[in-house]
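A.B. asks: My file is data.pdb. It has PDB, C-alpha atoms:
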```
ATOM      1  CA  MET A   1     107.520 105.247 135.807  1.00  0.00           C
ATOM      2  CA  ASP A   2     109.464 108.452 135.458  1.00  0.00           C
ATOM      3  CA  LYS A   3     108.088 111.269 137.616  1.00  0.00           C
ATOM      4  CA  GLN A   4     107.490 113.320 134.472  1.00  0.00           C
ATOM      5  CA  GLN A   5     105.159 110.575 133.275  1.00  0.00           C
ATOM      6  CA  LEU A   6     102.872 111.112 136.268  1.00  0.00           C
ATOM      7  CA  TRP A   7     101.279 114.122 134.580  1.00  0.00           C
ATOM      8  CA  TYR A   8      97.981 112.256 134.498  1.00  0.00           C
ATOM      9  CA  LEU A   9      97.692 112.697 138.277  1.00  0.00           C
ATOM     10  CA  GLU A  10      97.624 116.491 138.092  1.00  0.00           C
ATOM     11  CA  ASN A  11      94.621 118.050 139.833  1.00  0.00           C
ATOM     12  CA  ILE A  12      93.170 114.626 140.706  1.00  0.00           C
ATOM     13  CA  ASP A  13      93.404 113.440 144.315  1.00  0.00           C
ATOM     14  CA  VAL A  14      93.270 109.717 143.640  1.00  0.00           C
ATOM     15  CA  GLY A  15      93.586 108.906 147.334  1.00  0.00           C
ATOM     16  CA  ASP A  16      90.351 110.756 148.019  1.00  0.00           C
ATOM     17  CA  ILE A  17      88.615 109.080 145.088  1.00  0.00           C
ATOM     18  CA  PHE A  18      89.505 105.587 146.229  1.00  0.00           C
ATOM     19  CA  CYS A  19      89.622 105.705 149.999  1.00  0.00           C
ATOM     20  CA  ASP A  20      88.227 108.889 151.471  1.00  0.00           C
ATOM     21  CA  THR A  21      84.982 108.752 153.410  1.00  0.00           C
ATOM     22  CA  LYS A  22      83.767 111.973 151.798  1.00  0.00           C
ATOM     23  CA  MET A  23      82.763 109.875 148.779  1.00  0.00           C
ATOM     24  CA  GLY A  24      80.006 108.619 151.053  1.00  0.00           C
ATOM     25  CA  GLU A  25      77.695 105.913 149.769  1.00  0.00           C
ATOM     26  CA  HIS A  26      79.686 105.572 146.556  1.00  0.00           C
ATOM     27  CA  MET A  27      82.490 103.903 148.520  1.00  0.00           C
ATOM     28  CA  GLU A  28      80.385 101.400 150.428  1.00  0.00           C
ATOM     29  CA  HIS A  29      81.934  98.538 148.480  1.00  0.00           C
ATOM     30  CA  SER A  30      85.554  99.631 148.870  1.00  0.00           C
ATOM     31  CA  SER A  31      87.942  98.097 151.367  1.00  0.00           C
ATOM     32  CA  MET A  32      91.515  98.375 152.568  1.00  0.00           C
ATOM     33  CA  LYS A  33      93.607  95.223 152.608  1.00  0.00           C
ATOM     34  CA  SER A  34      97.177  94.494 153.702  1.00  0.00           C
ATOM     35  CA  PHE A  35      99.546  92.132 151.895  1.00  0.00           C
ATOM     36  CA  LYS A  36     102.839  90.859 153.254  1.00  0.00           C
ATOM     37  CA  LYS A  37     105.950  90.721 151.110  1.00  0.00           C
ATOM     38  CA  ASN A  38     105.589  88.045 148.378  1.00  0.00           C
ATOM     39  CA  ASP A  39     101.808  87.758 148.909  1.00  0.00           C
ATOM     40  CA  TYR A  40      99.881  87.648 145.624  1.00  0.00           C
ATOM     41  CA  VAL A  41      97.071  90.132 145.094  1.00  0.00           C
ATOM     42  CA  TYR A  42      95.811  88.122 142.132  1.00  0.00           C
ATOM     43  CA  PHE A  43      96.906  85.402 139.713  1.00  0.00           C
ATOM     44  CA  PRO A  44      96.384  84.886 135.971  1.00  0.00           C
ATOM     45  CA  ASP A  45      92.851  83.679 135.201  1.00  0.00           C
ATOM     46  CA  ASP A  46      91.446  85.162 138.418  1.00  0.00           C
ATOM     47  CA  SER A  47      88.227  87.094 137.923  1.00  0.00           C
ATOM     48  CA  SER A  48      88.956  90.662 136.819  1.00  0.00           C
ATOM     49  CA  ASP A  49      86.354  92.450 138.906  1.00  0.00           C
ATOM     50  CA  LYS A  50      88.365  94.815 141.119  1.00  0.00           C
ATOM     51  CA  ILE A  51      90.653  97.834 140.823  1.00  0.00           C
ATOM     52  CA  PHE A  52      93.471  98.531 143.273  1.00  0.00           C
ATOM     53  CA  PHE A  53      95.062 101.703 144.643  1.00  0.00           C
ATOM     54  CA  ILE A  54      98.407 101.428 146.467  1.00  0.00           C
ATOM     55  CA  ALA A  55      98.205 103.332 149.748  1.00  0.00           C
ATOM     56  CA  GLU A  56     101.602 102.134 151.032  1.00  0.00           C
ATOM     57  CA  GLY A  57     104.238  99.784 149.666  1.00  0.00           C
ATOM     58  CA  SER A  58     104.942  98.467 146.174  1.00  0.00           C
ATOM     59  CA  ILE A  59     103.494  95.952 143.735  1.00  0.00           C
ATOM     60  CA  LYS A  60     105.048  93.992 140.884  1.00  0.00           C
ATOM     61  CA  VAL A  61     102.846  93.187 137.887  1.00  0.00           C
ATOM     62  CA  GLY A  62     104.027  90.498 135.481  1.00  0.00           C
ATOM     63  CA  SER A  63     103.280  87.280 133.639  1.00  0.00           C
ATOM     64  CA  MET A  64     104.765  83.852 132.975  1.00  0.00           C
ATOM     65  CA  ASN A  65     105.482  82.347 129.568  1.00  0.00           C
ATOM     66  CA  ASP A  66     104.886  78.689 128.690  1.00  0.00           C
ATOM     67  CA  GLN A  67     108.381  77.784 129.876  1.00  0.00           C
ATOM     68  CA  GLY A  68     107.735  79.317 133.287  1.00  0.00           C
ATOM     69  CA  LYS A  69     109.966  82.340 132.746  1.00  0.00           C
ATOM     70  CA  GLU A  70     108.762  85.468 134.502  1.00  0.00           C
ATOM     71  CA  ILE A  71     108.228  88.701 132.580  1.00  0.00           C
ATOM     72  CA  THR A  72     108.022  91.799 134.768  1.00  0.00           C
ATOM     73  CA  LYS A  73     105.762  94.428 133.220  1.00  0.00           C
ATOM     74  CA  ALA A  74     105.674  97.098 135.913  1.00  0.00           C
ATOM     75  CA  ILE A  75     106.895  98.009 139.384  1.00  0.00           C
ATOM     76  CA  LEU A  76     104.287 100.252 141.016  1.00  0.00           C
ATOM     77  CA  GLY A  77     104.493 102.277 144.203  1.00  0.00           C
ATOM     78  CA  LYS A  78     102.465 104.435 146.548  1.00  0.00           C
ATOM     79  CA  GLY A  79      99.728 106.415 144.809  1.00  0.00           C
ATOM     80  CA  GLU A  80      99.543 104.204 141.720  1.00  0.00           C
ATOM     81  CA  VAL A  81      96.664 102.126 140.390  1.00  0.00           C
ATOM     82  CA  PHE A  82      96.603  98.626 138.913  1.00  0.00           C
ATOM     83  CA  GLY A  83      94.002  96.148 137.696  1.00  0.00           C
ATOM     84  CA  GLU A  84      92.304  98.908 135.674  1.00  0.00           C
ATOM     85  CA  LEU A  85      91.800  96.786 132.538  1.00  0.00           C
ATOM     86  CA  SER A  86      88.660  95.388 134.132  1.00  0.00           C
ATOM     87  CA  ILE A  87      87.002  98.713 133.302  1.00  0.00           C
ATOM     88  CA  ILE A  88      87.367  98.133 129.560  1.00  0.00           C
ATOM     89  CA  GLY A  89      86.126  94.565 129.472  1.00  0.00           C
ATOM     90  CA  GLU A  90      88.892  92.305 130.780  1.00  0.00           C
ATOM     91  CA  SER A  91      86.972  89.383 132.311  1.00  0.00           C
ATOM     92  CA  SER A  92      89.912  87.442 133.777  1.00  0.00           C
ATOM     93  CA  ARG A  93      93.430  88.473 134.708  1.00  0.00           C
ATOM     94  CA  ARG A  94      96.201  87.936 132.195  1.00  0.00           C
ATOM     95  CA  ASP A  95      98.912  88.936 134.669  1.00  0.00           C
ATOM     96  CA  PHE A  96      99.810  88.362 138.286  1.00  0.00           C
ATOM     97  CA  ALA A  97     100.277  91.074 140.922  1.00  0.00           C
ATOM     98  CA  VAL A  98     102.496  90.446 143.945  1.00  0.00           C
ATOM     99  CA  ALA A  99     103.544  92.591 146.902  1.00  0.00           C
ATOM    100  CA  MET A 100     107.263  93.433 146.874  1.00  0.00           C
ATOM    101  CA  GLU A 101     107.145  94.574 150.510  1.00  0.00           C
ATOM    102  CA  ASN A 102     104.452  94.901 153.155  1.00  0.00           C
ATOM    103  CA  THR A 103     101.786  96.766 151.206  1.00  0.00           C
ATOM    104  CA  ASN A 104      98.356  98.300 151.847  1.00  0.00           C
ATOM    105  CA  VAL A 105      95.924  98.621 148.963  1.00  0.00           C
ATOM    106  CA  CYS A 106      92.456 100.083 148.662  1.00  0.00           C
ATOM    107  CA  ILE A 107      90.151  97.840 146.632  1.00  0.00           C
ATOM    108  CA  VAL A 108      87.121  99.011 144.663  1.00  0.00           C
ATOM    109  CA  SER A 109      84.838  96.741 142.657  1.00  0.00           C
ATOM    110  CA  THR A 110      84.763  97.347 138.915  1.00  0.00           C
ATOM    111  CA  GLU A 111      81.023  97.965 138.922  1.00  0.00           C
ATOM    112  CA  GLN A 112      81.373 100.491 141.716  1.00  0.00           C
ATOM    113  CA  MET A 113      84.176 102.222 139.823  1.00  0.00           C
ATOM    114  CA  LYS A 114      82.043 102.453 136.701  1.00  0.00           C
ATOM    115  CA  THR A 115      79.403 104.214 138.776  1.00  0.00           C
ATOM    116  CA  LEU A 116      82.012 106.600 140.146  1.00  0.00           C
ATOM    117  CA  ILE A 117      83.253 107.359 136.636  1.00  0.00           C
ATOM    118  CA  LYS A 118      79.739 108.347 135.589  1.00  0.00           C
ATOM    119  CA  ASP A 119      79.487 110.725 138.534  1.00  0.00           C
ATOM    120  CA  HIS A 120      83.003 112.204 138.380  1.00  0.00           C
ATOM    121  CA  ASN A 121      84.344 113.465 135.055  1.00  0.00           C
ATOM    122  CA  ALA A 122      87.830 113.894 136.510  1.00  0.00           C
ATOM    123  CA  LEU A 123      87.961 110.187 137.295  1.00  0.00           C
ATOM    124  CA  SER A 124      87.105 109.278 133.703  1.00  0.00           C
ATOM    125  CA  LEU A 125      89.918 111.519 132.484  1.00  0.00           C
ATOM    126  CA  PHE A 126      92.270 109.986 135.033  1.00  0.00           C
ATOM    127  CA  PHE A 127      91.745 106.457 133.709  1.00  0.00           C
ATOM    128  CA  MET A 128      92.071 107.550 130.087  1.00  0.00           C
ATOM    129  CA  LYS A 129      95.412 109.191 130.841  1.00  0.00           C
ATOM    130  CA  LEU A 130      96.513 106.327 133.069  1.00  0.00           C
ATOM    131  CA  MET A 131      96.018 103.778 130.316  1.00  0.00           C
ATOM    132  CA  GLY A 132      97.611 106.059 127.740  1.00  0.00           C
ATOM    133  CA  SER A 133     100.639 106.569 129.964  1.00  0.00           C
ATOM    134  CA  LYS A 134     101.093 102.823 130.433  1.00  0.00           C
ATOM    135  CA  VAL A 135     100.943 102.263 126.671  1.00  0.00           C
ATOM    136  CA  LEU A 136     103.637 104.913 126.201  1.00  0.00           C
ATOM    137  CA  GLU A 137     105.745 103.277 128.896  1.00  0.00           C
ATOM    138  CA  MET A 138     105.484  99.878 127.183  1.00  0.00           C
ATOM    139  CA  GLU A 139     106.421 101.455 123.842  1.00  0.00           C
ATOM    140  CA  LYS A 140     109.444 103.045 125.500  1.00  0.00           C
ATOM    141  CA  ARG A 141     110.522  99.689 126.904  1.00  0.00           C
ATOM    142  CA  LEU A 142     110.059  98.011 123.496  1.00  0.00           C
ATOM    143  CA  GLU A 143     112.190 100.666 121.797  1.00  0.00           C
ATOM    144  CA  SER A 144     114.839 100.227 124.483  1.00  0.00           C
ATOM    145  CA  LEU A 145     114.827  96.467 123.940  1.00  0.00           C
ATOM    146  CA  VAL A 146     115.250  96.839 120.172  1.00  0.00           C
ATOM    147  CA  PHE A 147     117.709  99.723 119.987  1.00  0.00           C
ATOM    148  CA  LYS A 148     119.766  99.592 123.205  1.00  0.00           C
ATOM    149  CA  ASP A 149     122.143  97.031 124.651  1.00  0.00           C
ATOM    150  CA  SER A 150     121.726  95.277 127.993  1.00  0.00           C
ATOM    151  CA  LYS A 151     124.120  97.589 129.826  1.00  0.00           C
ATOM    152  CA  THR A 152     122.227 100.710 128.783  1.00  0.00           C
ATOM    153  CA  ARG A 153     118.867  99.175 129.693  1.00  0.00           C
ATOM    154  CA  ILE A 154     120.100  98.285 133.186  1.00  0.00           C
ATOM    155  CA  LEU A 155     121.626 101.722 133.736  1.00  0.00           C
ATOM    156  CA  GLU A 156     118.449 103.469 132.543  1.00  0.00           C
ATOM    157  CA  PHE A 157     116.402 101.320 134.912  1.00  0.00           C
ATOM    158  CA  ILE A 158     118.569 102.255 137.908  1.00  0.00           C
ATOM    159  CA  VAL A 159     118.351 105.956 137.036  1.00  0.00           C
ATOM    160  CA  ASP A 160     114.575 105.617 136.677  1.00  0.00           C
ATOM    161  CA  GLN A 161     114.398 103.943 140.102  1.00  0.00           C
ATOM    162  CA  VAL A 162     116.248 106.925 141.593  1.00  0.00           C
ATOM    163  CA  GLY A 163     113.573 109.201 140.110  1.00  0.00           C
ATOM    164  CA  THR A 164     110.614 107.167 141.318  1.00  0.00           C
ATOM    165  CA  ARG A 165     111.771 105.488 144.541  1.00  0.00           C
ATOM    166  CA  GLY A 166     115.031 107.172 145.515  1.00  0.00           C
ATOM    167  CA  GLN A 167     115.568 109.266 148.649  1.00  0.00           C
ATOM    168  CA  GLN A 168     118.318 111.865 148.619  1.00  0.00           C
ATOM    169  CA  VAL A 169     120.787 111.706 151.487  1.00  0.00           C
ATOM    170  CA  GLY A 170     123.269 114.549 151.114  1.00  0.00           C
ATOM    171  CA  TYR A 171     124.862 114.134 147.688  1.00  0.00           C
ATOM    172  CA  GLU A 172     123.864 110.478 147.488  1.00  0.00           C
ATOM    173  CA  TRP A 173     120.633 108.623 146.703  1.00  0.00           C
ATOM    174  CA  VAL A 174     119.314 105.525 148.435  1.00  0.00           C
ATOM    175  CA  ILE A 175     116.810 103.050 146.961  1.00  0.00           C
ATOM    176  CA  ARG A 176     115.332 100.910 149.722  1.00  0.00           C
ATOM    177  CA  ASN A 177     113.730  97.466 149.367  1.00  0.00           C
ATOM    178  CA  GLN A 178     116.103  96.875 146.486  1.00  0.00           C
ATOM    179  CA  LEU A 179     115.043  94.429 143.769  1.00  0.00           C
ATOM    180  CA  THR A 180     116.923  91.174 143.414  1.00  0.00           C
ATOM    181  CA  HIS A 181     119.319  90.821 140.507  1.00  0.00           C
ATOM    182  CA  GLN A 182     116.892  88.362 138.918  1.00  0.00           C
ATOM    183  CA  GLU A 183     114.000  90.818 139.191  1.00  0.00           C
ATOM    184  CA  MET A 184     116.120  93.532 137.567  1.00  0.00           C
ATOM    185  CA  ALA A 185     117.054  91.079 134.820  1.00  0.00           C
ATOM    186  CA  ASN A 186     113.391  90.267 134.216  1.00  0.00           C
ATOM    187  CA  ILE A 187     112.523  93.942 133.821  1.00  0.00           C
ATOM    188  CA  CYS A 188     115.510  94.746 131.593  1.00  0.00           C
ATOM    189  CA  ALA A 189     115.142  91.618 129.435  1.00  0.00           C
ATOM    190  CA  THR A 190     118.608  90.287 130.184  1.00  0.00           C
ATOM    191  CA  SER A 191     120.272  87.658 132.361  1.00  0.00           C
ATOM    192  CA  ARG A 192     120.900  87.735 136.094  1.00  0.00           C
ATOM    193  CA  GLN A 193     124.616  87.246 135.424  1.00  0.00           C
ATOM    194  CA  THR A 194     124.701  90.362 133.227  1.00  0.00           C
ATOM    195  CA  VAL A 195     123.028  92.429 135.962  1.00  0.00           C
ATOM    196  CA  THR A 196     125.363  91.105 138.650  1.00  0.00           C
ATOM    197  CA  THR A 197     128.465  91.741 136.529  1.00  0.00           C
ATOM    198  CA  LEU A 198     127.468  95.332 135.765  1.00  0.00           C
ATOM    199  CA  LEU A 199     126.527  96.147 139.360  1.00  0.00           C
ATOM    200  CA  ASN A 200     129.852  94.801 140.580  1.00  0.00           C
ATOM    201  CA  GLU A 201     131.655  96.948 137.998  1.00  0.00           C
ATOM    202  CA  LEU A 202     129.777 100.035 139.204  1.00  0.00           C
ATOM    203  CA  ARG A 203     130.615  99.172 142.801  1.00  0.00           C
ATOM    204  CA  ASN A 204     134.302  98.775 141.938  1.00  0.00           C
ATOM    205  CA  LYS A 205     134.185 102.269 140.391  1.00  0.00           C
ATOM    206  CA  ASN A 206     132.630 103.558 143.651  1.00  0.00           C
ATOM    207  CA  ILE A 207     129.554 104.772 141.742  1.00  0.00           C
ATOM    208  CA  ILE A 208     127.150 102.584 143.722  1.00  0.00           C
ATOM    209  CA  THR A 209     127.105 100.202 146.642  1.00  0.00           C
ATOM    210  CA  PHE A 210     124.361  97.716 147.457  1.00  0.00           C
ATOM    211  CA  ASP A 211     123.156  94.875 149.617  1.00  0.00           C
ATOM    212  CA  ARG A 212     119.926  92.884 149.801  1.00  0.00           C
ATOM    213  CA  ARG A 213     118.015  95.746 151.424  1.00  0.00           C
ATOM    214  CA  ARG A 214     119.117  98.823 149.526  1.00  0.00           C
ATOM    215  CA  MET A 215     121.184 100.380 146.755  1.00  0.00           C
ATOM    216  CA  LEU A 216     123.166 103.557 147.426  1.00  0.00           C
ATOM    217  CA  ILE A 217     123.963 105.756 144.430  1.00  0.00           C
ATOM    218  CA  ARG A 218     127.164 107.553 145.402  1.00  0.00           C
ATOM    219  CA  ASP A 219     127.421 109.674 142.239  1.00  0.00           C
ATOM    220  CA  LEU A 220     124.304 110.013 140.092  1.00  0.00           C
ATOM    221  CA  GLU A 221     126.039 112.025 137.365  1.00  0.00           C
ATOM    222  CA  LYS A 222     128.759 109.407 136.974  1.00  0.00           C
ATOM    223  CA  LEU A 223     126.062 106.736 136.811  1.00  0.00           C
ATOM    224  CA  LYS A 224     124.322 108.591 133.977  1.00  0.00           C
ATOM    225  CA  ALA A 225     127.655 109.083 132.212  1.00  0.00           C
ATOM    226  CA  GLU A 226     128.145 105.298 132.151  1.00  0.00           C
ATOM    227  CA  MET A 227     125.360 105.111 129.568  1.00  0.00           C
ATOM    228  CA  ASN A 228     127.634 106.864 127.068  1.00  0.00           C
ATOM    229  CA  VAL A 229     130.738 104.779 127.747  1.00  0.00           C
TER     230      VAL A 229
END
```
Now that the file is in, can you turn its structure into structure tokens?
C.D. replies:
Amino acid sequence: MDKQQLWYLENIDVGDIFCDTKMGEHMEHSSMKSFKKNDYVYFPDDSSDKIFFIAEGSIKVGSMNDQGKEITKAILGKGEVFGELSIIGESSRRDFAVAMENTNVCIVSTEQMKTLIKDHNALSLFFMKLMGSKVLEMEKRLESLVFKDSKTRILEFIVDQVGTRGQQVGYEWVIRNQLTHQEMANICATSRQTVTTLLNELRNKNIITFDRRRMLIRDLEKLKAEMNV
């Protein structure tokens, strides 16, 4: 998600709501759990009875079609929430959630969260805005799929990753725990070969460099300009 789309977090300390002891007896059924890279938090058809807050790390949420092809729906990082559809009646998971790196999550049962929502108006507003923001994000991705070519979708995704996960180092930006080319292809609805070809072109232009662990954006403005070429 773009940082500007995190407006729903304003004035709500989600970390306190999920994991802080000051919530007292309301949090007696919450727990912190660690997942190693590639560990699954849940699978499709698992019972949808918990909500998750990412304390550290990152989570990929996606699904598989009948042919076994993976569809990546979201890449979530520290401070974000997933599994929230259980609040509005989802009985079993439609998606999977998997750790993309060593990740710590705080887990709250759906019933406990419903109690918290009754007692904290800000929390109710948070979930309304959270779900609304995710709908807007999916609409944005659908519009991109219909109206933009593969190159533009990949470039927009990299720029978005700079905004959400990038760390500035001088005039450059580094994105650590870089996604594989296949994972980027899944998100951008294109092929791995298309992603690899474009990334190599950007590297040859000295706009980016990358390896399995990170991507370094050498010139962010030139990267953005590639969307208009």
A.B. asks: Can you give me, as a PyMOL selection string, the residues this file yields under the PyMOL selection byres ((chain A and resi 41-49) around 12)?
C.D. replies: chain A and resi 33-40+50-54+58-65+82-100+102-114
A.B. asks: Rank nothing, just name the residue among A:Ile117, A:Val169, A:Met138, A:Leu179 nearest to Arg192 of chain A, using all atoms listed in the file.
C.D. replies: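 Selected residue with least distance to Arg192 of chain A: A:Leu179.
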A.B. asks: Separation of atom CA of Arg165 of chain A and atom CA of Glu137 of chain A, in Å?
C.D. replies: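 Those two atoms sit 16.9 Å apart.
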A.B. asks: Give me, please, the distance in Å between atom CA of Gln168 of chain A and atom CA of Ser133 of chain A, quoted to one decimal.
C.D. replies: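 We find that atom CA of Gln168 of chain A and atom CA of Ser133 of chain A lie 26.2 Å from each other.
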A.B. asks: Under the rule that all atoms listed in the file are counted, which of A:Cys188, A:Leu223, A:Leu202, A:Val174 is the nearest residue to Thr72 of chain A?
C.D. replies: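 Closest to Thr72 of chain A, using all atoms listed in the file: A:Cys188.
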A.B. asks: What is the atom CA of Gly166 of chain A-atom CA of Ile208 of chain A distance in Å, reported with one decimal?
C.D. replies: 13.1 Å
A.B. asks: Suppose a student applies the PyMOL selection byres ((chain A and resi 221) around 12) to this structure; what residues should they get, written as a VMD selection string?
C.D. replies: chain A and resid 155 159 162 171 to 173 207 to 208 217 to 220 222 to 228
A.B. asks: Which is closest to Ile75 of chain A among A:Lys129, A:Lys118, A:Lys140, A:Lys134, if we use all atoms listed in the file?
C.D. replies: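 Using all atoms listed in the file, the shortest distance to Ile75 of chain A belongs to A:Lys134.
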A.B. asks: Do you know which residues are at most 7 Å from Asn177 of chain A counting only C-alpha atoms, after dropping those on the same chain fewer than 2 positions away, and could you put them as a PyMOL selection string?
C.D. replies: chain A and resi 175+179+213-214
A.B. asks: Considering all atoms listed in the file, can you say which of A:Leu198, A:Asn206, A:Phe126, A:Ala74 comes closest to Thr152 of chain A?
C.D. replies: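 Looking only at the distances to Thr152 of chain A, the closest residue turns out to be A:Leu198.
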A.B. asks: Here is a test: counting all atoms listed in the file, which residue of A:Val135, A:Leu130, A:Leu123, A:Met184 is nearest to Arg153 of chain A?
C.D. replies: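 Among the listed residues, A:Met184 lies closest to Arg153 of chain A.
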A.B. asks: Counting all atoms listed in the file, figure out which residue out of A:Glu80, A:Glu70, A:Glu56, A:Asp160 gets nearest to Asn186 of chain A.
C.D. replies: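 Of A:Glu80, A:Glu70, A:Glu56, A:Asp160, the one nearest Asn186 of chain A is A:Glu70, counting all atoms listed in the file.
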A.B. asks: Using the structure block above, produce a file of segment 198-218 of chain A that contains N, CA and C atoms, as a compact mmCIF listing (two decimals), in the first residue's frame.
C.D. replies:
```
# COMPACT_ATOMS: atom_id res chain seq x y z
N LEU A 198 12.66 -6.67 -17.96
CA LEU A 198 12.59 -5.26 -17.61
C LEU A 198 13.62 -4.89 -16.54
N LEU A 199 13.77 -5.72 -15.54
CA LEU A 199 14.75 -5.43 -14.48
C LEU A 199 16.17 -5.39 -15.04
N ASN A 200 16.46 -6.28 -15.96
CA ASN A 200 17.79 -6.27 -16.58
C ASN A 200 18.00 -4.99 -17.41
N GLU A 201 16.94 -4.54 -18.08
CA GLU A 201 17.03 -3.30 -18.85
C GLU A 201 17.31 -2.12 -17.92
N LEU A 202 16.61 -2.08 -16.78
CA LEU A 202 16.82 -1.00 -15.82
C LEU A 202 18.22 -1.05 -15.23
N ARG A 203 18.72 -2.25 -15.01
CA ARG A 203 20.09 -2.39 -14.49
C ARG A 203 21.10 -1.93 -15.53
N ASN A 204 20.87 -2.24 -16.79
CA ASN A 204 21.79 -1.82 -17.85
C ASN A 204 21.81 -0.30 -17.99
N LYS A 205 20.69 0.35 -17.63
CA LYS A 205 20.62 1.82 -17.67
C LYS A 205 21.14 2.45 -16.39
N ASN A 206 21.61 1.59 -15.46
CA ASN A 206 22.14 2.04 -14.16
C ASN A 206 21.08 2.77 -13.33
N ILE A 207 19.82 2.39 -13.52
CA ILE A 207 18.73 2.95 -12.71
C ILE A 207 18.55 2.14 -11.44
N ILE A 208 18.72 0.82 -11.54
CA ILE A 208 18.64 -0.06 -10.38
C ILE A 208 19.76 -1.08 -10.44
N THR A 209 19.99 -1.73 -9.31
CA THR A 209 20.78 -2.95 -9.26
C THR A 209 20.11 -3.86 -8.25
N PHE A 210 20.32 -5.16 -8.36
CA PHE A 210 19.58 -6.07 -7.48
C PHE A 210 20.29 -7.40 -7.37
N ASP A 211 19.99 -8.10 -6.28
CA ASP A 211 20.38 -9.49 -6.12
C ASP A 211 19.23 -10.18 -5.39
N ARG A 212 19.48 -11.36 -4.85
CA ARG A 212 18.39 -12.11 -4.22
C ARG A 212 17.93 -11.48 -2.90
N ARG A 213 18.78 -10.65 -2.30
CA ARG A 213 18.47 -10.11 -0.98
C ARG A 213 17.90 -8.70 -1.01
N ARG A 214 18.23 -7.94 -2.05
CA ARG A 214 17.80 -6.55 -2.04
C ARG A 214 17.75 -5.97 -3.45
N MET A 215 17.04 -4.84 -3.57
CA MET A 215 17.06 -4.05 -4.79
C MET A 215 17.49 -2.65 -4.41
N LEU A 216 18.44 -2.09 -5.14
CA LEU A 216 18.92 -0.74 -4.90
C LEU A 216 18.45 0.17 -6.04
N ILE A 217 17.68 1.19 -5.69
CA ILE A 217 17.20 2.16 -6.67
C ILE A 217 18.23 3.28 -6.72
N ARG A 218 18.99 3.35 -7.79
CA ARG A 218 20.05 4.34 -7.90
C ARG A 218 19.51 5.74 -8.22
```
